[in-house]
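Okay, work32.txt now, which holds compact mmCIF, C-alpha atoms:
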```
# COMPACT_ATOMS: atom_id res chain seq x y z
CA MET L 33 -17.16 -5.26 18.50
CA LYS L 34 -14.73 -6.49 15.87
CA PHE L 35 -13.92 -3.89 13.22
CA LYS L 36 -15.43 -4.84 9.86
CA PRO L 37 -13.93 -2.63 7.14
CA ALA L 38 -16.14 -3.81 4.27
CA ASN L 39 -19.25 -2.91 6.28
CA LYS L 40 -17.89 0.61 6.74
CA ILE L 41 -17.61 1.00 2.96
CA GLN L 42 -21.02 -0.63 2.42
CA ASP L 43 -22.71 1.81 4.82
CA LEU L 44 -21.59 4.88 2.87
CA GLN L 45 -24.33 6.13 0.58
CA TYR L 46 -23.73 9.04 -1.75
CA PHE L 47 -26.27 10.63 -4.07
CA GLY L 48 -25.35 12.38 -7.28
CA GLU L 49 -26.39 15.92 -8.06
CA PHE L 50 -29.46 14.68 -9.95
CA GLY L 51 -30.22 11.71 -7.72
CA GLY L 52 -27.70 9.38 -9.35
CA VAL L 53 -26.48 6.33 -7.43
CA ASN L 54 -22.92 7.57 -8.02
CA PRO L 55 -21.89 11.02 -6.77
CA SER L 56 -21.54 13.64 -9.47
CA ILE L 57 -17.99 14.28 -10.66
CA SER L 58 -16.68 17.74 -9.79
CA ASP L 59 -15.06 18.56 -13.12
CA SER L 60 -13.72 21.97 -12.07
CA SER L 61 -10.31 23.25 -11.08
CA THR L 62 -11.68 26.31 -9.26
CA TYR L 63 -14.90 27.18 -7.43
CA THR L 64 -17.02 30.31 -7.17
CA PHE L 65 -18.14 32.23 -4.08
CA LEU L 66 -21.27 34.31 -3.60
CA SER L 67 -19.41 36.65 -1.26
CA ALA L 68 -15.84 37.84 -0.90
CA LYS L 69 -15.96 37.11 2.84
CA THR L 70 -16.66 33.40 2.20
CA MET L 71 -13.63 33.25 -0.09
CA PHE L 72 -11.51 34.82 2.66
CA ASP L 73 -12.89 32.41 5.27
CA THR L 74 -12.20 29.45 2.99
CA PHE L 75 -8.57 30.56 2.53
CA GLU L 76 -8.29 30.71 6.31
CA GLY L 77 -9.82 27.24 6.66
CA ASN L 78 -12.95 28.50 8.41
CA ALA L 79 -15.67 27.69 5.87
CA ASP L 80 -16.84 24.08 6.02
CA GLY L 81 -18.37 22.67 2.84
CA CYS L 82 -16.82 25.30 0.59
CA TYR L 83 -14.31 24.49 -2.12
CA LEU L 84 -11.58 26.82 -3.20
CA TYR L 85 -9.24 25.22 -5.71
CA SER L 86 -8.83 21.57 -6.68
CA ARG L 87 -5.19 21.36 -5.64
CA HIS L 88 -6.53 21.81 -2.11
CA THR L 89 -9.38 19.32 -2.51
CA SER L 90 -12.55 18.71 -4.51
CA PRO L 91 -15.91 17.04 -3.84
CA SER L 92 -14.89 13.92 -5.80
CA ASN L 93 -11.66 13.61 -3.84
CA LEU L 94 -13.48 14.07 -0.56
CA TYR L 95 -15.97 11.31 -1.42
CA LEU L 96 -13.11 8.89 -2.06
CA GLY L 97 -11.16 10.06 0.98
CA GLU L 98 -14.20 9.61 3.22
CA ALA L 99 -14.69 6.04 1.96
CA LEU L 100 -11.03 5.13 2.51
CA ALA L 101 -11.04 6.68 5.99
CA ALA L 102 -14.10 4.56 6.81
CA MET L 103 -12.29 1.47 5.54
CA GLU L 104 -9.23 2.18 7.70
CA GLY L 105 -11.16 3.41 10.73
CA THR L 106 -9.59 6.88 10.80
CA GLU L 107 -11.23 10.27 11.24
CA THR L 108 -10.53 11.36 7.68
CA ALA L 109 -8.17 10.95 4.73
CA ASN L 110 -6.54 12.86 1.90
CA VAL L 111 -6.08 11.38 -1.56
CA ALA L 112 -3.07 12.11 -3.75
CA GLY L 113 -1.96 11.68 -7.35
CA SER L 114 0.22 8.63 -6.59
CA GLY L 115 1.38 6.40 -3.76
CA MET L 116 4.66 8.33 -3.53
CA GLY L 117 2.55 11.50 -3.58
CA ALA L 118 1.04 10.27 -0.31
CA ILE L 119 4.21 8.90 1.32
CA THR L 120 6.56 11.84 0.77
CA PRO L 121 4.32 14.64 2.16
CA VAL L 122 3.62 12.61 5.31
CA LEU L 123 7.32 12.19 6.09
CA LEU L 124 8.12 15.81 5.25
CA GLN L 125 5.21 17.04 7.39
CA LEU L 126 6.38 15.02 10.39
CA CYS L 127 10.13 15.68 10.03
CA GLY L 128 12.35 18.72 9.61
CA ALA L 129 16.07 19.41 9.39
CA GLY L 130 17.99 17.43 12.00
CA ASP L 131 15.25 14.83 12.51
CA HIS L 132 15.64 11.08 12.20
CA ILE L 133 13.46 8.23 10.91
CA VAL L 134 13.65 4.53 11.76
CA SER L 135 12.42 2.53 8.77
CA SER L 136 12.05 -1.08 7.80
CA ARG L 137 14.94 -2.16 5.56
CA THR L 138 12.55 -3.92 3.17
CA ILE L 139 10.21 -1.34 1.71
CA TYR L 140 9.09 -0.25 -1.73
CA GLY L 141 12.08 0.86 -3.80
CA GLY L 142 10.74 4.37 -4.34
CA THR L 143 10.27 4.91 -0.61
CA TYR L 144 13.74 3.54 0.05
CA ALA L 145 15.25 5.89 -2.55
CA PHE L 146 13.41 8.87 -1.05
CA LEU L 147 14.71 8.12 2.45
CA LYS L 148 18.20 7.08 1.38
CA ASN L 149 18.96 9.64 -1.34
CA PHE L 150 16.56 12.58 -1.11
CA THR L 151 15.78 13.40 2.52
CA PRO L 152 19.49 13.66 3.48
CA LYS L 153 19.57 16.78 1.29
CA LEU L 154 17.12 18.25 3.83
CA ASN L 155 19.23 16.97 6.75
CA ILE L 156 16.70 14.24 7.57
CA THR L 157 18.41 10.92 8.18
CA THR L 158 17.09 7.35 8.25
CA SER L 159 18.22 4.14 9.93
CA PHE L 160 17.10 1.03 8.01
CA VAL L 161 16.53 -1.93 10.32
CA ASP L 162 15.04 -5.42 10.45
CA ILE L 163 11.52 -4.34 11.41
CA THR L 164 10.67 -7.84 12.69
CA LYS L 165 13.12 -7.44 15.62
CA LEU L 166 11.68 -4.97 18.11
CA ASP L 167 14.91 -4.77 20.13
CA VAL L 168 16.81 -3.76 16.98
CA VAL L 169 14.14 -1.15 16.19
CA GLU L 170 14.34 0.31 19.71
CA ASN L 171 18.14 0.42 19.65
CA ALA L 172 17.98 2.51 16.45
CA ILE L 173 15.82 5.21 18.10
CA ASN L 174 17.67 8.34 19.24
CA GLU L 175 16.74 11.73 20.67
CA ASN L 176 16.09 13.11 17.16
CA THR L 177 13.84 10.28 15.98
CA LYS L 178 10.36 11.41 14.99
CA VAL L 179 8.91 8.55 12.93
CA LEU L 180 8.79 4.76 12.82
CA TYR L 181 8.01 3.71 9.23
CA CYS L 182 7.07 0.26 7.97
CA GLU L 183 4.91 -1.68 5.56
CA THR L 184 2.39 -4.12 7.04
CA VAL L 185 3.67 -6.73 4.61
CA SER L 186 6.97 -5.63 3.15
CA ASN L 187 7.83 -5.24 -0.52
CA PRO L 188 9.19 -7.56 -1.83
CA LEU L 189 10.28 -10.00 0.90
CA LEU L 190 6.82 -10.23 2.54
CA GLU L 191 8.14 -9.64 6.05
CA VAL L 192 5.33 -8.88 8.49
CA ALA L 193 5.59 -5.89 10.85
CA ASP L 194 4.41 -6.38 14.43
CA ILE L 195 2.26 -3.26 14.37
CA LYS L 196 1.11 -3.61 18.00
CA GLY L 197 4.70 -3.97 19.17
CA LEU L 198 5.87 -1.06 17.03
CA ALA L 199 2.96 1.07 18.27
CA ALA L 200 4.03 0.42 21.86
CA LEU L 201 7.58 1.54 21.01
CA ALA L 202 6.24 4.64 19.23
CA LYS L 203 4.14 5.56 22.26
CA LYS L 204 7.05 4.93 24.66
CA HIS L 205 9.39 7.24 22.71
CA ASN L 206 6.75 9.78 21.60
CA LEU L 207 7.05 8.92 17.90
CA LYS L 208 4.55 8.64 15.07
CA LEU L 209 4.04 5.16 13.62
CA VAL L 210 3.41 5.43 9.87
CA VAL L 211 2.29 2.23 8.15
CA ASP L 212 2.07 1.57 4.40
CA ASN L 213 -0.82 -0.91 4.11
CA THR L 214 -0.74 -1.28 0.30
CA PHE L 215 -0.22 -5.06 0.30
CA SER L 216 -2.99 -5.79 2.82
CA PRO L 217 -6.13 -3.63 2.42
CA LEU L 218 -9.11 -5.03 4.37
CA SER L 219 -6.92 -7.91 5.62
CA VAL L 220 -5.21 -5.68 8.19
CA THR L 221 -6.47 -2.47 9.83
CA PRO L 222 -3.29 -0.83 11.22
CA VAL L 223 -5.03 1.92 13.22
CA GLN L 224 -6.86 -0.76 15.19
CA LEU L 225 -3.41 -2.09 16.12
CA GLY L 226 -2.04 1.31 17.18
CA ALA L 227 -0.71 2.98 14.00
CA ASP L 228 -0.97 6.78 13.80
CA VAL L 229 -1.00 7.24 10.01
CA VAL L 230 -1.92 4.71 7.31
CA ILE L 231 -0.87 5.08 3.69
CA HIS L 232 -1.92 3.20 0.55
CA SER L 233 -0.87 3.24 -3.03
CA LEU L 234 -4.37 3.18 -4.55
CA THR L 235 -2.73 2.08 -7.79
CA LYS L 236 -2.62 -1.51 -6.55
CA PHE L 237 -5.34 -3.66 -4.96
CA ILE L 238 -7.73 -0.86 -4.04
CA ASN L 239 -8.21 0.32 -7.61
CA GLY L 240 -7.54 -3.15 -8.97
CA SER L 241 -7.64 -2.45 -12.70
CA SER L 242 -4.09 -1.14 -13.36
CA ASP L 243 -5.43 1.89 -15.20
CA THR L 244 -4.44 4.72 -12.88
CA VAL L 245 -2.05 5.76 -10.13
CA GLY L 246 -3.15 7.21 -6.82
CA GLY L 247 -2.42 7.39 -3.11
CA VAL L 248 -4.11 8.14 0.19
CA VAL L 249 -3.14 9.24 3.69
CA CYS L 250 -5.55 8.15 6.44
CA GLY L 251 -5.25 9.78 9.85
CA THR L 252 -6.69 12.19 12.37
CA GLN L 253 -8.59 15.29 11.31
CA GLU L 254 -5.83 17.41 12.83
CA PHE L 255 -3.05 15.72 10.86
CA ILE L 256 -4.94 15.79 7.54
CA ASP L 257 -5.77 19.47 8.12
CA ASP L 258 -2.04 20.09 8.68
CA LEU L 259 -1.21 18.35 5.37
CA ARG L 260 -3.79 20.52 3.55
CA ASN L 261 -2.84 23.81 5.19
CA VAL L 262 -2.34 26.50 2.53
CA ASN L 263 0.66 27.99 4.34
CA ASP L 264 2.74 24.99 5.41
CA GLY L 265 0.88 21.81 4.47
CA ALA L 266 3.05 19.35 2.56
CA CYS L 267 0.20 17.91 0.49
CA MET L 268 -1.04 21.37 -0.44
CA LEU L 269 2.38 22.82 -1.27
CA LEU L 270 3.94 19.82 -3.01
CA GLY L 271 0.84 19.62 -5.21
CA SER L 272 0.37 15.87 -5.74
CA THR L 273 -3.31 16.23 -6.52
CA MET L 274 -5.62 13.47 -7.68
CA ASP L 275 -7.80 14.22 -10.69
CA SER L 276 -11.54 14.19 -9.94
CA MET L 277 -12.29 11.74 -12.76
CA ARG L 278 -9.76 9.29 -11.34
CA ALA L 279 -11.11 9.70 -7.81
CA SER L 280 -14.58 8.86 -9.06
CA SER L 281 -13.28 5.79 -10.91
CA ILE L 282 -11.36 4.46 -7.88
CA LEU L 283 -14.40 4.96 -5.64
CA LYS L 284 -16.45 2.71 -7.94
CA ASN L 285 -13.75 0.02 -7.87
CA LEU L 286 -13.41 0.24 -4.08
CA ARG L 287 -16.91 -1.20 -3.74
CA THR L 288 -15.79 -4.60 -5.05
CA LEU L 289 -12.54 -4.71 -3.06
CA HIS L 290 -13.86 -7.20 -0.48
CA ILE L 291 -14.77 -9.71 -3.20
CA ARG L 292 -11.46 -9.28 -4.99
CA ILE L 293 -9.24 -9.54 -1.90
CA LYS L 294 -10.91 -12.81 -0.89
CA GLN L 295 -10.21 -14.30 -4.33
CA HIS L 296 -6.65 -12.96 -4.49
CA SER L 297 -5.95 -14.52 -1.08
CA LYS L 298 -7.65 -17.82 -1.87
CA ASN L 299 -5.67 -18.22 -5.09
CA ALA L 300 -2.36 -17.15 -3.54
CA LEU L 301 -2.70 -19.60 -0.65
CA TYR L 302 -3.50 -22.46 -3.05
CA LEU L 303 -0.46 -21.74 -5.23
CA ALA L 304 1.86 -21.15 -2.26
CA GLU L 305 0.95 -24.50 -0.72
CA LYS L 306 1.45 -26.27 -4.06
CA PHE L 307 4.77 -24.56 -4.80
CA GLU L 308 6.11 -25.35 -1.34
CA ALA L 309 5.02 -28.99 -1.66
CA ASP L 310 6.92 -29.12 -4.97
CA GLY L 311 10.10 -28.15 -3.12
CA LEU L 312 10.30 -24.53 -4.24
CA LYS L 313 11.52 -21.97 -1.74
CA THR L 314 8.20 -20.19 -1.25
CA VAL L 315 7.42 -17.20 0.95
CA TYR L 316 3.78 -16.44 1.77
CA PRO L 317 2.40 -15.21 5.12
CA GLY L 318 -0.34 -17.86 4.97
CA LEU L 319 2.18 -20.72 5.11
CA ALA L 320 3.10 -22.19 8.49
CA SER L 321 6.73 -21.96 7.36
CA HIS L 322 6.57 -18.15 7.23
CA PRO L 323 8.47 -16.76 10.28
CA SER L 324 5.60 -14.40 11.12
CA HIS L 325 2.69 -16.69 10.25
CA GLU L 326 1.35 -16.91 13.82
CA LEU L 327 1.80 -13.16 14.37
CA PHE L 328 -0.02 -12.35 11.13
CA LYS L 329 -2.93 -14.59 12.15
CA THR L 330 -3.45 -12.35 15.18
CA MET L 331 -3.43 -9.20 12.99
CA ILE L 332 -5.68 -10.06 10.06
CA ASN L 333 -9.41 -9.71 9.58
CA GLU L 334 -9.71 -13.43 8.91
CA GLU L 335 -12.25 -13.52 6.10
CA TYR L 336 -9.83 -11.69 3.77
CA GLY L 337 -7.00 -14.18 4.18
CA PHE L 338 -3.26 -13.59 3.92
CA GLY L 339 -3.18 -11.46 0.78
CA GLY L 340 -2.42 -11.91 -2.89
CA MET L 341 1.39 -11.61 -2.85
CA LEU L 342 3.89 -14.48 -2.80
CA THR L 343 7.49 -15.07 -3.81
CA ILE L 344 9.47 -18.05 -5.02
CA ASP L 345 13.22 -18.35 -5.48
CA VAL L 346 14.28 -20.18 -8.65
CA GLY L 347 18.02 -19.86 -8.09
CA SER L 348 19.18 -17.33 -10.67
CA LEU L 349 18.05 -14.25 -12.58
CA ASP L 350 18.41 -16.10 -15.90
CA LYS L 351 16.04 -18.85 -14.71
CA ALA L 352 13.63 -16.28 -13.30
CA ASN L 353 13.52 -14.38 -16.58
CA GLU L 354 13.15 -17.57 -18.63
CA LEU L 355 10.24 -18.74 -16.48
CA MET L 356 8.46 -15.37 -16.50
CA GLU L 357 8.77 -15.02 -20.28
CA LEU L 358 7.38 -18.54 -20.76
CA MET L 359 4.47 -17.96 -18.36
CA GLN L 360 3.61 -14.75 -20.19
CA SER L 361 3.66 -16.56 -23.55
CA LYS L 362 1.21 -19.11 -22.10
CA ASN L 363 -1.19 -16.30 -21.06
CA LEU L 364 -0.68 -17.05 -17.36
CA GLY L 365 -0.05 -13.40 -16.60
CA TYR L 366 2.17 -10.46 -17.42
CA LEU L 367 5.85 -9.80 -16.89
CA ALA L 368 5.15 -6.45 -15.30
CA VAL L 369 5.68 -4.47 -12.12
CA SER L 370 2.90 -3.38 -9.76
CA LEU L 371 0.19 -5.56 -8.22
CA GLY L 372 -3.51 -6.03 -7.64
CA PHE L 373 -4.53 -6.63 -11.29
CA TYR L 374 -7.12 -9.24 -12.30
CA LYS L 375 -4.36 -11.15 -14.10
CA THR L 376 -1.29 -12.42 -12.31
CA LEU L 377 1.72 -10.09 -12.52
CA PHE L 378 5.28 -11.28 -11.98
CA SER L 379 8.67 -9.59 -11.82
CA ALA L 380 12.19 -10.05 -10.49
CA PRO L 381 12.21 -7.28 -7.87
CA GLY L 382 15.99 -7.07 -7.57
CA THR L 383 16.14 -5.67 -11.10
CA SER L 384 12.79 -3.85 -11.08
CA THR L 385 10.71 -2.57 -8.16
CA SER L 386 13.62 -2.76 -5.70
CA SER L 387 16.41 -1.82 -8.10
CA GLU L 388 16.94 1.44 -6.18
CA ILE L 389 18.41 -0.64 -3.34
CA PRO L 390 22.17 -1.25 -3.90
CA GLU L 391 23.13 -4.85 -4.68
CA ASP L 392 25.14 -5.34 -1.49
CA GLU L 393 22.18 -4.20 0.61
CA GLN L 394 19.83 -6.45 -1.38
CA LYS L 395 22.04 -9.42 -0.48
CA GLU L 396 22.20 -8.39 3.16
CA MET L 397 18.40 -8.32 3.44
CA GLY L 398 17.98 -11.62 1.57
CA LEU L 399 16.78 -10.25 -1.77
CA THR L 400 18.30 -12.81 -4.15
CA ASP L 401 18.72 -12.70 -7.94
CA GLY L 402 16.39 -15.65 -8.43
CA LEU L 403 13.49 -14.18 -6.48
CA ILE L 404 10.21 -13.80 -8.40
CA ARG L 405 7.44 -11.72 -6.88
CA PHE L 406 3.93 -12.75 -7.85
CA SER L 407 0.77 -10.68 -7.54
CA ILE L 408 -1.74 -13.49 -7.91
CA GLY L 409 -4.77 -12.71 -10.05
CA LEU L 410 -8.48 -13.47 -9.83
CA ASP L 411 -8.32 -16.75 -11.81
CA ASN L 412 -11.54 -18.71 -11.45
CA ASP L 413 -9.84 -22.07 -12.03
CA ILE L 414 -6.68 -21.81 -9.94
CA GLU L 415 -6.04 -25.55 -10.23
CA ARG L 416 -5.66 -25.15 -13.99
CA THR L 417 -3.36 -22.17 -13.44
CA TYR L 418 -1.15 -24.21 -11.13
CA ASP L 419 -0.94 -27.12 -13.57
CA MET L 420 0.13 -24.76 -16.35
CA MET L 421 2.68 -22.98 -14.14
CA LYS L 422 4.14 -26.32 -13.07
CA GLU L 423 4.55 -27.37 -16.71
CA CYS L 424 6.39 -24.09 -17.38
CA MET L 425 8.68 -24.75 -14.42
CA LYS L 426 9.43 -28.25 -15.70
CA GLU L 427 10.13 -26.91 -19.19
CA VAL L 428 12.77 -24.46 -17.98
CA GLY L 429 14.30 -26.99 -15.55
CA ILE L 430 13.22 -25.42 -12.26
CA LEU L 431 11.23 -28.55 -11.29
```
Written as structure tokens, that's how I'd like the structure from this file.
Amino acid sequence: MKFKPANKIQDLQYFGEFGGVNPSISDSSTYTFLSAKTMFDTFEGNADGCYLYSRHTSPSNLYLGEALAAMEGTETANVAGSGMGAITPVLLQLCGAGDHIVSSRTIYGGTYAFLKNFTPKLNITTSFVDITKLDVVENAINENTKVLYCETVSNPLLEVADIKGLAALAKKHNLKLVVDNTFSPLSVTPVQLGADVVIHSLTKFINGSSDTVGGVVCGTQEFIDDLRNVNDGACMLLGSTMDSMRASSILKNLRTLHIRIKQHSKNALYLAEKFEADGLKTVYPGLASHPSHELFKTMINEEYGFGGMLTIDVGSLDKANELMELMQSKNLGYLAVSLGFYKTLFSAPGTSTSSEIPEDEQKEMGLTDGLIRFSIGLDNDIERTYDMMKECMKEVGIL
């Protein structure tokens, strides 16, 4: 049977402490024990259903983790205080001194900076490659490689990773395939395609209201237990803990994700088709002109479309800034980083979310000064939005 992620979320039913339709929020940092032996057993990881200390986990965090694991089709999940708080422990848990990572060259700037600038201090090295070319990926693998790392849809160039192909390479070379699925929740289910670990920044589409940061690691029970281990677990020891109030809030928002993703995708496809017809250099996985369009069609859960992210290239940073400032003044959205908000967000990634990547490497990967990244909002009248955006483009001389 085809995997249906929204049904998995729908089928979860939690009851609050007093019969509430929302689970009660565990507003405690530490938890009591009726016996000293139970405390000892909990420290040793041998007491199911007992809570020790909220840096380890809490009932609210477990509720959210369980829902996200159901969505991604994994055995369990661990939530964290930010997307980077999910990404960094995973890589440090899987790699030690002398190990090597093969990563997509186009990834979130924070992840790139971590792999390029921070992990070398620990003698962990990374080769950045064009993830769309499996032969290039395989040629970068050496005897010390432990991890293949990619984003389903890359930030900000919207390159699509062939997860099935990468999973086959990972299996062949005994590696772990770690996939950041932040841009494509519900649309793509990486574990169904062979990924070992799936990460999200919950800050973006999953939460959807741009009011908190959060992250999650979805994987096997064994791997999540390793991350939480009190002696050598990277999540436990690095301490990127999600607050229980935030976990409860994100869980409520998760329940409307299927509705929101459909609207984000519908609006993004409409605008992408219009922009391309106007002669703008437009990148969107739902366009036939996208190099990985046919591949992506084989990967997606069709009802959720091709996602809410698109880019256009307006030729120069000055033009990009002029257009974004004008669109903001017309209430078409916000000149802001991040994504997944109900309003459209736009930014020039070369000078914002990808600014950690040196300029020469930006050019090499095709990240131009005039590139604008759009996170398309939930506009009810997308035709009106397009008409207004087109007028802005005419006013600044782009069209």
Exercise: range 55-70 of chain L partners within 12 Å, only C-alpha atoms, chain neighbours under 2 positions left out, as a ChimeraX atom specification: /L:44-53,72-96,273-281,283-284
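If all atoms listed in the file are the atoms counted, then among L:Val169, L:Leu207, L:Leu124, L:Leu269 the closest residue to Pro152 in chain L is L:Leu124.
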What's around range 368-379 of chain L at 6 Å? Count only C-alpha atoms, leave out sequence neighbours fewer than 2 positions away in its own chain, and write the answer as a CSV table (one decimal) with C-alpha atoms, in the frame of the given file.
```
chain,number,residue,atom,x,y,z
L,236,LYS,CA,-2.6,-1.5,-6.6
L,237,PHE,CA,-5.3,-3.7,-5.0
L,240,GLY,CA,-7.5,-3.2,-9.0
L,241,SER,CA,-7.6,-2.4,-12.7
L,242,SER,CA,-4.1,-1.1,-13.4
L,365,GLY,CA,0.0,-13.4,-16.6
L,366,TYR,CA,2.2,-10.5,-17.4
L,381,PRO,CA,12.2,-7.3,-7.9
L,404,ILE,CA,10.2,-13.8,-8.4
L,405,ARG,CA,7.4,-11.7,-6.9
L,406,PHE,CA,3.9,-12.8,-7.8
L,407,SER,CA,0.8,-10.7,-7.5
L,408,ILE,CA,-1.7,-13.5,-7.9
L,409,GLY,CA,-4.8,-12.7,-10.0
L,410,LEU,CA,-8.5,-13.5,-9.8
```
Point-to-point distance in Å for CA of Leu189 in chain L and CA of Pro323 in chain L: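 Taking CA of Pro323 in chain L and CA of Leu189 in chain L, their separation equals 11.7 Å.
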Residue neighbourhood Gly97 in chain L, 12 Å, all atoms listed in the file, exclusion window fewer than 6 positions, as a count of residues only: 33
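Closest approach to Asp212 in chain L among L:Asp228, L:Asp257, L:Glu183, L:Asp264 is made by L:Glu183 (distances from all atoms listed in the file).
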Long-range neighbours of range 138-142 of chain L as an mmCIF file with C-alpha atoms, in the coordinates of the input, 12 Å cut-off, all atoms listed in the file, 4 positions minimum in chain:
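Written output follows (part01.cif):
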```
data_model
loop_
_atom_site.group_PDB
_atom_site.id
_atom_site.type_symbol
_atom_site.label_atom_id
_atom_site.label_comp_id
_atom_site.auth_asym_id
_atom_site.auth_seq_id
_atom_site.Cartn_x
_atom_site.Cartn_y
_atom_site.Cartn_z
ATOM 1 C CA SER L 114 0.220 8.630 -6.590
ATOM 2 C CA GLY L 115 1.380 6.400 -3.760
ATOM 3 C CA MET L 116 4.660 8.330 -3.530
ATOM 4 C CA GLY L 117 2.550 11.500 -3.580
ATOM 5 C CA ILE L 119 4.210 8.900 1.320
ATOM 6 C CA THR L 120 6.560 11.840 0.770
ATOM 7 C CA PHE L 146 13.410 8.870 -1.050
ATOM 8 C CA LEU L 147 14.710 8.120 2.450
ATOM 9 C CA LYS L 148 18.200 7.080 1.380
ATOM 10 C CA ASN L 149 18.960 9.640 -1.340
ATOM 11 C CA PHE L 150 16.560 12.580 -1.110
ATOM 12 C CA SER L 159 18.220 4.140 9.930
ATOM 13 C CA PHE L 160 17.100 1.030 8.010
ATOM 14 C CA VAL L 161 16.530 -1.930 10.320
ATOM 15 C CA ASP L 162 15.040 -5.420 10.450
ATOM 16 C CA ILE L 163 11.520 -4.340 11.410
ATOM 17 C CA THR L 164 10.670 -7.840 12.690
ATOM 18 C CA TYR L 181 8.010 3.710 9.230
ATOM 19 C CA CYS L 182 7.070 0.260 7.970
ATOM 20 C CA GLU L 183 4.910 -1.680 5.560
ATOM 21 C CA THR L 184 2.390 -4.120 7.040
ATOM 22 C CA VAL L 185 3.670 -6.730 4.610
ATOM 23 C CA SER L 186 6.970 -5.630 3.150
ATOM 24 C CA ASN L 187 7.830 -5.240 -0.520
ATOM 25 C CA PRO L 188 9.190 -7.560 -1.830
ATOM 26 C CA LEU L 189 10.280 -10.000 0.900
ATOM 27 C CA LEU L 190 6.820 -10.230 2.540
ATOM 28 C CA GLU L 191 8.140 -9.640 6.050
ATOM 29 C CA VAL L 192 5.330 -8.880 8.490
ATOM 30 C CA ALA L 193 5.590 -5.890 10.850
ATOM 31 C CA VAL L 211 2.290 2.230 8.150
ATOM 32 C CA ASP L 212 2.070 1.570 4.400
ATOM 33 C CA ASN L 213 -0.820 -0.910 4.110
ATOM 34 C CA THR L 214 -0.740 -1.280 0.300
ATOM 35 C CA PHE L 215 -0.220 -5.060 0.300
ATOM 36 C CA HIS L 232 -1.920 3.200 0.550
ATOM 37 C CA SER L 233 -0.870 3.240 -3.030
ATOM 38 C CA VAL L 369 5.680 -4.470 -12.120
ATOM 39 C CA SER L 370 2.900 -3.380 -9.760
ATOM 40 C CA PRO L 381 12.210 -7.280 -7.870
ATOM 41 C CA GLY L 382 15.990 -7.070 -7.570
ATOM 42 C CA THR L 383 16.140 -5.670 -11.100
ATOM 43 C CA SER L 384 12.790 -3.850 -11.080
ATOM 44 C CA THR L 385 10.710 -2.570 -8.160
ATOM 45 C CA SER L 386 13.620 -2.760 -5.700
ATOM 46 C CA SER L 387 16.410 -1.820 -8.100
ATOM 47 C CA GLU L 388 16.940 1.440 -6.180
ATOM 48 C CA ILE L 389 18.410 -0.640 -3.340
ATOM 49 C CA PRO L 390 22.170 -1.250 -3.900
ATOM 50 C CA GLU L 393 22.180 -4.200 0.610
ATOM 51 C CA GLN L 394 19.830 -6.450 -1.380
ATOM 52 C CA LYS L 395 22.040 -9.420 -0.480
ATOM 53 C CA GLU L 396 22.200 -8.390 3.160
ATOM 54 C CA MET L 397 18.400 -8.320 3.440
ATOM 55 C CA GLY L 398 17.980 -11.620 1.570
ATOM 56 C CA LEU L 399 16.780 -10.250 -1.770
#
```
Residue nearest Thr343 in chain L among L:Ala99, L:Met359, L:Ile238, L:Leu303 (counting all atoms listed in the file):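 The closest residue to Thr343 in chain L is L:Leu303.
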Near-range 335-339 of chain L list (12 Å; all atoms listed in the file; drop same-chain fewer than 5 positions) as number ranges by chain: L: 36-38, 184-186, 190, 192, 213-221, 237, 289-302, 304, 315-320, 322, 324-330, 371-372, 406-409
Atom-to-atom span, CA of Gln125 in chain L and CA of Asn171 in chain L, Å: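 A separation of 24.4 Å between them.
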Proximity to Thr158 in chain L - best of L:Met33, L:Ala145, L:Leu100, L:Met71, all atoms listed in the file: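 That would be L:Ala145, the residue with the smallest distance to Thr158 in chain L.
Comparing L:Arg287, L:Glu354, L:Met425, L:Lys204 by their smallest distance to Asn54 in chain L, the closest is L:Arg287 (using only C-alpha atoms).
Interatomic distance, CA of Asn353 in chain L against CA of Leu367 in chain L: 8.9 Å.
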Of the listed residues L:Gly402, L:Val346, L:Phe35, L:Lys306, that which approaches Thr417 in chain L most closely, counting all atoms listed in the file: L:Lys306
Go ahead and fit an axis-aligned box to every listed atom of range 251-269 of chain L plus 8 Å each side, and pass me the centre and edge lengths in Å, one decimal, as JSON.
```
{"center_x": -2.8, "center_y": 18.9, "center_z": 5.8, "size_x": 27.6, "size_y": 34.2, "size_z": 30.1}
```
